[in-house]
Structures are given as structure tokens and as C-alpha cells.
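Heads up: the structure comes next, in C-alpha cells.
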Amino acid sequence: MNARNVRYSGNTAELNAPVIVSVLLNDICNLRCQTCYLENMNEQSSLSREEWNNFFESLFGDLKPNATVFVGKEIFAKDESVETMFDALKQRDRLQASKITDIGVITNGTLLQRYRNRLEGSSLDWIDISIDGPREFNDKIRGEGSYSKLERNLDWISKAFQGDRLWVVPTLCDANASQIAQMIEDLNKTYGISHYSIGLYKHRSSAPDLFSVGDSEVRRFVNDLSRIEIIHPTKVVLGYKADNPDSYSEIFNLPDSDGETVTTKQIDLGNSISLDIQRNNRNMGLWRAVRISSEGDWLAAEDLFDHLNYKQNAVTNLRDVRYDARKAYEIGLRSPRARSLGFVQL
Ligand SMILES: C[S@@+](CC[C@H](N)C(=O)[O-])C[C@H]1O[C@@H](n2cnc3c(N)ncnc32)[C@H](O)[C@@H]1O
Ligand code: SF4
């Protein structure tokens, strides 16, 4: 497949595959986090393991994105979803003699012990574990006892997945901003965990908003981060979209975009922590970042928080393109949704 030129907000870029494809495999979870944007998700006709395997054939054999991540709802809450994830690894390893697509999973970490042996021996490239604060706060958001269930897995998983194969991914909101830095110090000292990716709480269309994140709390988090004492050199990534409050860029002293898609800045906090700021300057959906629902709906990444409207926002469904990843991607690029996101294929 030849790379093609695309125009985006007046700039031209080369493109032949998405950077990241995120996949929902089921609509179930053992927790009920107060912040969850997938709460009450109900997908009646999820793709079967066989259908996903048909799709993986073209995803890893033809389209070959840089990364595929299994995002839930909670993969480890359903055996069939776990088996499907392991199938994906097998297919990727078979179809890509020289690896192109990294495969990761994002999980609440509370159910991993059932798959310990298989995870330890797997070719999974990385695991993201969501922890929203120290025990008490995490349990308040994620449910009583959830920290203990997660804790039983932290020791072995941090030994099996070292360095940048294990990321802790807290969702920052006003309520926990004062506690995340301390949590990072504790996890670093106890388990040697050295990679963290901070998500900013996003409003949900499906539930009332109980949380938010203001710039003063982001400032506070960064300030706290520069004061903690860690043992193992650590990377903390904080990403946001340019249409978030401009003041974030002020906090990090980020210049205006010079046409680049992502503006990055590495800040050495002086205590062996590197804070990596990533600002997305434009929409990524359908060309760089694709989301697939458990029922096979092909969506722009921007539409992921709006699970009530997956059907309306989908540009196609995997069943309608006979599980052909390339075809779905092409339809996405030509779709009215792509145009509404500001993207034009030349
Ligand atoms: C929806 S969860 C699914 C995967 C898995 N169950 C977990 O919790 O990691 C994916 C990620 O989204 C985060 N998340 C949930 N609700 C959010 C919201 N309203 N804003 C930002 N991130 C959110 C979670 O903390 C988690 O890191
Ligand atoms: S663990 Fe993940 S999917 Fe489950 S309720 Fe929490 S955020 Fe939502």
C-alpha cells in the first residue's frame, strides 16, 4: 500500500495506516468506578472470538497500525475476551515476522492473577493499569476493596513487565490531584514502577458529572511531582488536546503549534522525574486513532467517550466490510465524520 497525502487544517501529511487502533471486546466489568465513561454500556451483539480473529488477519497482515490496545470494558472479566487478546498476539506474531504493531492492554488490574502464567510468558508489549490514587481514594472512586484486589497483583506484574512494559494510568481530577504524586512515590519505592501516564478526567455524556479538572489542580500536581523522592528514574506523561483550556500550555510553557500534529516537551523536574508533555494540536480520529466497539463499530477516537451514540457515530461496522481492516479504514477516511473532524484526503 502506497502512502498517500492528506491535508489537515492546511497542512499535508503522509499516511497509510492509523497510529493506534483501540478495541473494546466486551461490555462488562467487575468494578463500578464513579468516573467511568463506559458506565451502563450495554452492547447486545458483541463480535465472537472467531469474528475478531477474521479481523486480526487483515489488521496485522495488511493494515499494520503502530499499536493496538485492548481497552475493555474490562478484558480480564471475561474468559472469551482474554482468549481473544491472546489470539491477537498469536496472529500478530505469525503475520509480522518483523514486528510492526505493538499490542497492549488497559486494565483495572484486579483480576490478573487468574492469567498470571500466561501473561508472564506472553509477547504482550505493555500493560496499562488504572489506579486513581492511594488505597483510600482509589477505593472511594473504584469501590471498597478494589485496591487490595489490585495490590495482590502488583508485585509479580511489575517483575514480569519491567520498565516501559508497565504503565500506571491515573485519571486526574480535582478530587485526587493532591494525592497522585504521593502515589507515584509509593509505587516507585515499593514496586519499582517507573512509567506513568496521566489522563485528565473527561466529561461523560452518559452520566452526571461529579468530577472535573481545573488548571490550578494541574499546577498543584506538577508542583507536588517535583517534590517527591523516588528511587528509580521515572517518566510521567501528561497528554491533552489543544482545545483544552489554553492555560495548560501556559503551565508548561508550551509554544503555539508550528503546524505539527503533536507538540511535545520534556521537563526534567530535577528529582529523577522526567515530565513529558504531549499536546495534540488537532483531531486524530479515523486517520491516526481509530476506536472499535465490541459490536464492531468503527469510530473516531474523539467519539470514544460517547458510548450512547456509538451506532450513530460509526462510519462502518466490521461485519459490513467482512472484517477487512483496510476497507474500514478507507471508508473512515472518506466519511463525512472525517470531514467534520477537519480531515480531507487528497
Ligand atoms: C474505561 S477504562 C477501561 C479499561 C479498564 N477497565 C480500566 O479501568 O483500566 C479505560 C481508562 O479510562 C479511564 N477513565 C474512565 N472514565 C474516565 C473519564 N471520565 N475521563 C477520563 N478517563 C476515564 C479509566 O481510569 C481507565 O484508565
Ligand atoms: S474498571 Fe474501567 S471499565 Fe470498569 S468501571 Fe472502572 S473505569 Fe469503568
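Order determines the names: the first chain of the C-alpha cells is A, the second B, and so forth; residues in each chain are numbered 1 upward, and ligands are numbered 1 upward as they are shown.
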
Within 7 Å of ligand 2, which residues show up when you count only C-alpha atoms and all ligand atoms? List them as an mmCIF file with N, CA, C and O atoms, in the first residue's frame, please.
data_model
loop_
_atom_site.group_PDB
_atom_site.id
_atom_site.type_symbol
_atom_site.label_atom_id
_atom_site.label_comp_id
_atom_site.auth_asym_id
_atom_site.auth_seq_id
_atom_site.Cartn_x
_atom_site.Cartn_y
_atom_site.Cartn_z
ATOM 1 N N CYS A 29 -17.694 -5.395 33.447
ATOM 2 C CA CYS A 29 -16.601 -5.043 34.343
ATOM 3 C C CYS A 29 -16.970 -5.473 35.757
ATOM 4 O O CYS A 29 -18.150 -5.463 36.121
ATOM 5 N N ASN A 30 -15.965 -5.829 36.529
ATOM 6 C CA ASN A 30 -16.206 -6.226 37.928
ATOM 7 C C ASN A 30 -16.255 -5.013 38.864
ATOM 8 O O ASN A 30 -16.610 -5.155 40.017
ATOM 9 N N LEU A 31 -15.850 -3.824 38.366
ATOM 10 C CA LEU A 31 -15.900 -2.628 39.214
ATOM 11 C C LEU A 31 -16.969 -1.655 38.701
ATOM 12 O O LEU A 31 -17.502 -1.827 37.602
ATOM 13 N N ARG A 32 -17.234 -0.663 39.531
ATOM 14 C CA ARG A 32 -18.173 0.396 39.126
ATOM 15 C C ARG A 32 -17.566 1.742 39.517
ATOM 16 O O ARG A 32 -18.005 2.372 40.483
ATOM 17 N N CYS A 33 -16.568 2.166 38.781
ATOM 18 C CA CYS A 33 -15.876 3.411 39.142
ATOM 19 C C CYS A 33 -16.813 4.606 38.931
ATOM 20 O O CYS A 33 -17.535 4.653 37.931
ATOM 21 N N THR A 35 -16.112 7.478 38.021
ATOM 22 C CA THR A 35 -15.738 8.334 36.891
ATOM 23 C C THR A 35 -16.011 7.687 35.529
ATOM 24 O O THR A 35 -15.866 8.359 34.514
ATOM 25 N N CYS A 36 -16.393 6.420 35.517
ATOM 26 C CA CYS A 36 -16.294 5.630 34.275
ATOM 27 C C CYS A 36 -17.142 6.159 33.120
ATOM 28 O O CYS A 36 -18.355 6.294 33.232
ATOM 29 N N TYR A 37 -16.485 6.402 31.981
ATOM 30 C CA TYR A 37 -17.230 6.893 30.819
ATOM 31 C C TYR A 37 -17.941 5.761 30.082
ATOM 32 O O TYR A 37 -18.713 6.012 29.173
ATOM 33 N N LEU A 38 -17.655 4.533 30.489
ATOM 34 C CA LEU A 38 -18.352 3.404 29.864
ATOM 35 C C LEU A 38 -19.480 2.875 30.744
ATOM 36 O O LEU A 38 -20.012 1.802 30.491
ATOM 37 N N GLU A 39 -19.811 3.617 31.780
ATOM 38 C CA GLU A 39 -20.811 3.084 32.714
ATOM 39 C C GLU A 39 -22.130 2.842 31.988
ATOM 40 O O GLU A 39 -22.498 3.560 31.068
ATOM 41 N N GLY A 72 -11.106 -2.868 26.923
ATOM 42 C CA GLY A 72 -12.204 -3.207 27.846
ATOM 43 C C GLY A 72 -13.468 -3.639 27.149
ATOM 44 O O GLY A 72 -13.382 -4.111 26.038
ATOM 45 N N LYS A 73 -14.508 -3.533 27.880
ATOM 46 C CA LYS A 73 -14.612 -2.702 29.084
ATOM 47 C C LYS A 73 -13.580 -3.146 30.141
ATOM 48 O O LYS A 73 -12.695 -2.386 30.488
ATOM 49 N N GLU A 74 -13.697 -4.376 30.669
ATOM 50 C CA GLU A 74 -12.589 -4.947 31.425
ATOM 51 C C GLU A 74 -12.292 -6.321 30.813
ATOM 52 O O GLU A 74 -13.046 -7.275 30.991
ATOM 53 N N THR A 107 -6.208 -2.163 31.909
ATOM 54 C CA THR A 107 -6.994 -2.972 32.838
ATOM 55 C C THR A 107 -7.022 -2.329 34.216
ATOM 56 O O THR A 107 -6.135 -1.553 34.563
ATOM 57 N N ASN A 108 -8.055 -2.704 34.996
ATOM 58 C CA ASN A 108 -8.067 -2.231 36.387
ATOM 59 C C ASN A 108 -7.154 -3.080 37.264
ATOM 60 O O ASN A 108 -6.990 -2.785 38.449
ATOM 61 N N ARG A 142 -13.238 3.734 43.020
ATOM 62 C CA ARG A 142 -13.350 2.464 42.287
ATOM 63 C C ARG A 142 -14.105 1.382 43.053
ATOM 64 O O ARG A 142 -14.349 0.306 42.525
#

task = Around ligand 1, at most 10 Å away and counting only C-alpha atoms and all ligand atoms, which residues are there? Put them as a ChimeraX atom specification, please.
result = /A:24,27-39,70-77,105-110,127-132,141-142,168-173,197-207,209-213,304-305

request  = Skip A:Asp215 itself and residues of its chain fewer than 4 positions away, then list as an MDAnalysis selection string all residues within 7 Å of it, counting only C-alpha atoms.
outcome  = chainID A and resid 219 247:248

For all heavy atoms, I'd like the residues from the last selection saved as a compact mmCIF listing (two decimals), in the first residue's frame.
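Final file, result_24.txt:
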# COMPACT_ATOMS: atom_id res chain seq x y z
N ARG A 219 -1.64 22.42 38.06
CA ARG A 219 -0.44 23.10 38.58
C ARG A 219 0.03 22.44 39.88
O ARG A 219 1.20 22.18 40.09
CB ARG A 219 -0.78 24.56 38.92
CG ARG A 219 -0.29 25.54 37.93
CD ARG A 219 -0.72 26.94 38.37
NE ARG A 219 -1.29 27.67 37.26
CZ ARG A 219 -0.57 28.27 36.33
NH1 ARG A 219 0.74 28.24 36.39
NH2 ARG A 219 -1.14 28.89 35.33
N SER A 247 -4.67 27.56 29.28
CA SER A 247 -3.76 27.76 30.40
C SER A 247 -2.87 26.55 30.65
O SER A 247 -1.82 26.68 31.27
CB SER A 247 -4.54 28.12 31.65
OG SER A 247 -5.65 27.28 31.76
N TYR A 248 -3.28 25.35 30.19
CA TYR A 248 -2.37 24.21 30.35
C TYR A 248 -1.05 24.52 29.65
O TYR A 248 0.01 24.22 30.16
CB TYR A 248 -2.97 22.93 29.75
CG TYR A 248 -4.11 22.32 30.53
CD1 TYR A 248 -4.84 21.28 30.00
CD2 TYR A 248 -4.46 22.78 31.80
CE1 TYR A 248 -5.89 20.70 30.70
CE2 TYR A 248 -5.51 22.22 32.49
CZ TYR A 248 -6.23 21.19 31.94
OH TYR A 248 -7.26 20.63 32.63

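Among the candidates A:Trp298, A:Phe60, A:Phe86, A:Trp52, the residue lying nearest to A:Ser98 is A:Phe60 (atoms considered: only C-alpha atoms).
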
message = Please identify the helix (DSSP H, G or I) residues within stretch 53-248 of chain A (assignment by DSSP from backbone atoms) and present them as an MDAnalysis selection string.
response = chainID A and resid 53:63 75:77 79:95 112:120 135:142 146:160 163:165 180:191 215:225 247:248

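As for atom CA of A:Asn283 and atom CA of A:Lys64, they are spaced 21.0 Å apart.
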
key: Coordinates-based distance that separates atom CA of A:Thr234 from atom CA of A:Ser272 (Å, one decimal)   = 6.3 Å

query = Closest to A:Ile292 among A:Asn16, A:Asn40, A:Ser22, A:Gln266, using only C-alpha atoms?
reply = A:Ser22

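Between A:Asp164 and the residues A:Asn317, A:Ser194, A:Ser335, A:Asn117, the shortest atom-to-atom distance, using only C-alpha atoms, involves A:Ser194.
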
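Closest approach to A:Leu166 among A:Gln179, A:Asn42, A:Asn188, A:Gln113 is made by A:Asn188 (distances from only C-alpha atoms).
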